[in-house]
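Novice: Starting off with a structure, shown below.
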Amino acid sequence: MSDSTCILPIGILEKHGPHAPIGADLIQVREWAARATKQEYAVVFPDYFYGQINEARHQPGTFALPERITWDLLEATCDEIGRNGFKRILIINGHGGNPQLIRYFIQTRLEKQRNYAVYFFEPSSDSVYKKQLDALHKSDAANDQHAGERETSTLLYLRPDLVELDSANNESGANQNRLGITNIYTAIWWYADFPNHYAGQGGMATKELGKLVSEHFVSQLVTALKAVKTDMKTLALQKEFFDRVKKE
């Protein structure tokens with residue numbers, strides 16, 4: 001049984017180097033959700049690729065909705081999931097540009113009372129996993145980000161038919177370091193560092209690394225899913241919170 005729990009896998013449509021599919025983020029989280037729910041059942045929401053991706057609008061294939069639509073669509077989606085009887089919505093994300101949006105979105109669920117709770121799954125890395133990761137990793141881990149070795153390895157493991165590894169070196173995924181303002185955040189930072197919207201060396205990917213990354217994610221997702229399905233405290237605390245808000 002789902003115990004009124006729904007997984008919302010969020011990805012994006014964007015360029016993933018010259019070698020990987022534009023829907024790579026969503027492909028990964030959808031596949032991970034499918035594998036996790038074979039071990040711990042929950043309903044998996046259909047493909048959702050309406051996240052934040054303004055930093056890649058200069059690249060073909062990017063699907064970047066206006067900010068208000070992005071927000072309203074996520075809110076309406078969760079409200080509709082809740083209206084259909086789900087009490088727990090577990091978001092899993094595959095896109096590096098989404099976490100800030102998702103965290104703030106979840107925090108604003110305290111603006112008004114709802115009959116559901118939203119959770120955000122963020123996997124962690126233990127020492128054993130890090131050691132295994134280091135052993136298989138061949139490129140510079142500090143620069144292995146978007147469409148680099150790790151992400152490409154995952155795709156090679158999950159959907160090798162969608163990866164053209166021979167094309168991975170057709171563009172540079174090196175950090176250009178064109179901005180360099182210490183202790184400052186600005187919207188153009190990603191473009192300044194990675195104008196090709198490619199960060200790392202995808203050509204060094206291996207299925208072995210992809211298998212390790214995928215199995216680690218799925219294992220932690222199964223554990224988190226079990227906890228969310230049996231969680232009775234979050235909804236109760238939300239009710240207590242709003243009962244106190246109404247008294248003010």
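In the structure tokens, chains take letters A, B, ... by order of appearance, with residues numbered from 1 within each chain and ligands from 1 in the order shown.
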Listing only residues of stretch 41-64 of chain A within 9 Å of stretch 98-103 of chain A, what is the closest atom pair and its distance in Å (to one decimal) for each, using only C-alpha atoms, sorted by chain and residue number ascending, as CSV?

Specialist:
residue,atom,partner,partner_atom,distance
A:Gly51,CA,A:Asn98,CA,6.3
A:Gln52,CA,A:Asn98,CA,5.7
A:Ile53,CA,A:Asn98,CA,8.0

Novice: Please return as a ChimeraX atom specification: the residues of stretch 17-233 of chain A that backbone DSSP assigns to alpha helix (DSSP H).

Specialist: /A:24-39,67-83,99-107,127-136,149-158,189-193,207-229,233

Novice: What's around stretch 1-8 of chain A at 12 Å? Count only C-alpha atoms, leave out sequence neighbours fewer than 5 positions away in its own chain, and write the answer as JSON, numbers by chain.

Specialist: {"A": [26, 29, 30, 32, 33, 34, 36, 37, 38, 39, 40, 41, 42, 43, 44, 45, 46, 47, 48, 49, 50, 74, 77, 78, 80, 81, 82, 83, 84, 85, 86, 87, 88, 89, 90, 91, 92, 93, 94, 102, 115, 116, 117, 118, 119, 120, 121, 221, 222, 224, 225, 226, 227, 228, 229, 230, 231, 232]}

Novice: Restricting the calculation to only C-alpha atoms, which member of A:Pro21, A:Ile27, A:Asp79, A:Arg150 is positioned closest to A:Arg109?

Specialist: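 For A:Arg109, the nearest of the candidates is A:Asp79.
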
Novice: Go through A:Ser124, A:Asn54, A:Ser219, A:Thr234 and flag the residue nearest A:Thr70, using only C-alpha atoms for the distances.

Specialist: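 Nearest candidate to A:Thr70 out of A:Ser124, A:Asn54, A:Ser219, A:Thr234: A:Asn54.
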
Novice: Which one of A:Asn196, A:Gln107, A:Thr154, A:Gln176 sits closest to A:Gly17 if you count only C-alpha atoms?

Specialist: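 Of all the options, A:Asn196 lies closest to A:Gly17.
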